[in-house]
Amino acid sequence: LAAFLAVLANWISFAQQQLALQWRSGLTKKIHDAYFKGSSYYDVAQGTGAITDAHIRITEDVPKVATSVAGLVVMLANGCLDMTIFIVFLAKSGRTGQALGVLAQLYVAAVYMVNNYVIPVDYARITGGVSATASKLQQDLSRVETH
């Protein structure tokens with residue numbers, strides 16, 4: 001059983017990495033196509049476009065987004081599988097299992113409500129100034145290196 005679980009864990013990790021790689025490749029291609037379409041590249045290079053640090057966003061943000069989304073999808077699929085197995089075991093255990101199932105659903109709903117509505121954190125407000133400053137510094141450094 002331990003060997004099977006080890007192989008399964010490695011396969012899930014591999015599948016997540018492959019999914020992230022496929023999404024990163026597709027997203028990078030779409031962004032490059034939009035970036036080099038028409039004269040968008042020249043507008044961005046001269047600083048007249050609406051996008052700042054386009055090259056930095058492509059090389060740094062796209063892999064982060066693809067990896068994060070792939071991890072989210074894998075966690076969601078894993079949660080659905082766990083929930084299905086949990087429901088099957090509870091259904092087989094009679095009234096006690098059904099009562100535990102209802103309590104578990106109430107617990108999950110309560111945790112969701114507390115985390116999303118009682119103690120929300122506005123991370124954009126907290127880190128907004130730092131992110132804007134870092135982006136401006138990267139843009140200035142890029143222009144200095146270019147010229």
# chains A, B, ... in the order shown; residues from 1 in each chain; ligands from 1
>>> residues_around(residues="A:Ile31", least_positions_apart="3", cutoff="10 Å", atoms="only C-alpha atoms", output="ChimeraX atom specification")
/A:26-28,34-37,54,57-58,62
>>> residues_around(residues="A:Asn78", least_positions_apart="5", cutoff="12 Å", atoms="only C-alpha atoms", output="ChimeraX atom specification")
/A:8-9,12-13,16,71-73,83-85
>>> write_last_selection(atoms="all heavy atoms", output="PDB file, in the first residue's frame")
ATOM      1  N   LEU A   8       1.580   7.001  -6.554  1.00  0.00           N
ATOM      2  CA  LEU A   8       0.465   7.907  -6.821  1.00  0.00           C
ATOM      3  C   LEU A   8       0.846   9.356  -6.533  1.00  0.00           C
ATOM      4  O   LEU A   8       0.535  10.258  -7.323  1.00  0.00           O
ATOM      5  CB  LEU A   8      -0.749   7.496  -5.990  1.00  0.00           C
ATOM      6  CG  LEU A   8      -2.022   8.300  -6.201  1.00  0.00           C
ATOM      7  CD1 LEU A   8      -2.508   8.137  -7.643  1.00  0.00           C
ATOM      8  CD2 LEU A   8      -3.094   7.872  -5.226  1.00  0.00           C
ATOM      9  N   ALA A   9       1.528   9.596  -5.430  1.00  0.00           N
ATOM     10  CA  ALA A   9       1.958  10.961  -5.081  1.00  0.00           C
ATOM     11  C   ALA A   9       2.921  11.515  -6.128  1.00  0.00           C
ATOM     12  O   ALA A   9       2.810  12.677  -6.537  1.00  0.00           O
ATOM     13  CB  ALA A   9       2.608  10.973  -3.703  1.00  0.00           C
ATOM     14  N   ILE A  12       0.934  12.315  -9.319  1.00  0.00           N
ATOM     15  CA  ILE A  12       0.155  13.553  -9.173  1.00  0.00           C
ATOM     16  C   ILE A  12       1.068  14.767  -9.318  1.00  0.00           C
ATOM     17  O   ILE A  12       0.721  15.747  -9.988  1.00  0.00           O
ATOM     18  CB  ILE A  12      -0.600  13.563  -7.832  1.00  0.00           C
ATOM     19  CG1 ILE A  12      -1.740  12.541  -7.867  1.00  0.00           C
ATOM     20  CG2 ILE A  12      -1.130  14.943  -7.502  1.00  0.00           C
ATOM     21  CD1 ILE A  12      -2.417  12.331  -6.534  1.00  0.00           C
ATOM     22  N   SER A  13       2.241  14.718  -8.717  1.00  0.00           N
ATOM     23  CA  SER A  13       3.199  15.822  -8.836  1.00  0.00           C
ATOM     24  C   SER A  13       3.640  16.003 -10.290  1.00  0.00           C
ATOM     25  O   SER A  13       3.716  17.132 -10.792  1.00  0.00           O
ATOM     26  CB  SER A  13       4.406  15.548  -7.945  1.00  0.00           C
ATOM     27  OG  SER A  13       5.376  16.543  -8.115  1.00  0.00           O
ATOM     28  N   GLN A  16       0.814  17.532 -12.284  1.00  0.00           N
ATOM     29  CA  GLN A  16       0.682  18.960 -11.984  1.00  0.00           C
ATOM     30  C   GLN A  16       1.750  19.766 -12.719  1.00  0.00           C
ATOM     31  O   GLN A  16       1.466  20.825 -13.277  1.00  0.00           O
ATOM     32  CB  GLN A  16       0.779  19.180 -10.487  1.00  0.00           C
ATOM     33  CG  GLN A  16       0.661  20.629 -10.076  1.00  0.00           C
ATOM     34  CD  GLN A  16       0.727  20.819  -8.576  1.00  0.00           C
ATOM     35  OE1 GLN A  16       0.605  19.872  -7.819  1.00  0.00           O
ATOM     36  NE2 GLN A  16       0.909  22.046  -8.153  1.00  0.00           N
ATOM     37  N   GLY A  71      -1.695  24.007  -9.535  1.00  0.00           N
ATOM     38  CA  GLY A  71      -1.810  23.524  -8.166  1.00  0.00           C
ATOM     39  C   GLY A  71      -3.233  23.604  -7.646  1.00  0.00           C
ATOM     40  O   GLY A  71      -3.716  22.690  -6.969  1.00  0.00           O
ATOM     41  N   LEU A  72      -3.928  24.679  -7.995  1.00  0.00           N
ATOM     42  CA  LEU A  72      -5.320  24.835  -7.587  1.00  0.00           C
ATOM     43  C   LEU A  72      -6.195  23.752  -8.202  1.00  0.00           C
ATOM     44  O   LEU A  72      -7.030  23.152  -7.520  1.00  0.00           O
ATOM     45  CB  LEU A  72      -5.830  26.222  -7.982  1.00  0.00           C
ATOM     46  CG  LEU A  72      -7.279  26.528  -7.665  1.00  0.00           C
ATOM     47  CD1 LEU A  72      -7.485  26.575  -6.158  1.00  0.00           C
ATOM     48  CD2 LEU A  72      -7.695  27.833  -8.305  1.00  0.00           C
ATOM     49  N   VAL A  73      -6.002  23.470  -9.480  1.00  0.00           N
ATOM     50  CA  VAL A  73      -6.795  22.444 -10.155  1.00  0.00           C
ATOM     51  C   VAL A  73      -6.530  21.072  -9.544  1.00  0.00           C
ATOM     52  O   VAL A  73      -7.463  20.299  -9.301  1.00  0.00           O
ATOM     53  CB  VAL A  73      -6.508  22.444 -11.673  1.00  0.00           C
ATOM     54  CG1 VAL A  73      -7.088  21.226 -12.351  1.00  0.00           C
ATOM     55  CG2 VAL A  73      -7.064  23.710 -12.305  1.00  0.00           C
ATOM     56  N   MET A  83     -13.675  13.759  -1.058  1.00  0.00           N
ATOM     57  CA  MET A  83     -15.074  13.902  -0.661  1.00  0.00           C
ATOM     58  C   MET A  83     -15.902  12.713  -1.141  1.00  0.00           C
ATOM     59  O   MET A  83     -16.773  12.226  -0.415  1.00  0.00           O
ATOM     60  CB  MET A  83     -15.600  15.209  -1.253  1.00  0.00           C
ATOM     61  CG  MET A  83     -16.615  15.944  -0.492  1.00  0.00           C
ATOM     62  SD  MET A  83     -16.339  16.059   1.251  1.00  0.00           S
ATOM     63  CE  MET A  83     -17.884  16.746   1.634  1.00  0.00           C
ATOM     64  N   THR A  84     -15.634  12.240  -2.352  1.00  0.00           N
ATOM     65  CA  THR A  84     -16.360  11.083  -2.877  1.00  0.00           C
ATOM     66  C   THR A  84     -16.089   9.841  -2.028  1.00  0.00           C
ATOM     67  O   THR A  84     -17.027   9.115  -1.664  1.00  0.00           O
ATOM     68  CB  THR A  84     -15.959  10.828  -4.341  1.00  0.00           C
ATOM     69  OG1 THR A  84     -16.216  12.007  -5.102  1.00  0.00           O
ATOM     70  CG2 THR A  84     -16.719   9.664  -4.920  1.00  0.00           C
ATOM     71  N   ILE A  85     -14.837   9.614  -1.711  1.00  0.00           N
ATOM     72  CA  ILE A  85     -14.485   8.461  -0.869  1.00  0.00           C
ATOM     73  C   ILE A  85     -15.119   8.601   0.509  1.00  0.00           C
ATOM     74  O   ILE A  85     -15.670   7.639   1.064  1.00  0.00           O
ATOM     75  CB  ILE A  85     -12.951   8.318  -0.764  1.00  0.00           C
ATOM     76  CG1 ILE A  85     -12.382   7.940  -2.128  1.00  0.00           C
ATOM     77  CG2 ILE A  85     -12.561   7.292   0.290  1.00  0.00           C
ATOM     78  CD1 ILE A  85     -10.878   8.016  -2.206  1.00  0.00           C
TER      79      ILE A  85
END
>>> atom_distance(atom1="atom CA of A:Gln17", atom2="atom CA of A:Ala70")
7.6 Å
>>> closest_residue(among="A:Gly101, A:His32, A:Ala20, A:Ala15", to="A:His55", atoms="only C-alpha atoms")
A:His32
>>> closest_residue(among="A:Ile87, A:Cys80, A:Val114, A:Leu19", to="A:Val102", atoms="only C-alpha atoms")
A:Ile87
>>> atom_distance(atom1="atom CA of A:Ser25", atom2="atom CA of A:Trp11")
20.9 Å
>>> atom_distance(atom1="atom CA of A:Asp61", atom2="atom CA of A:Ser142")
16.3 Å
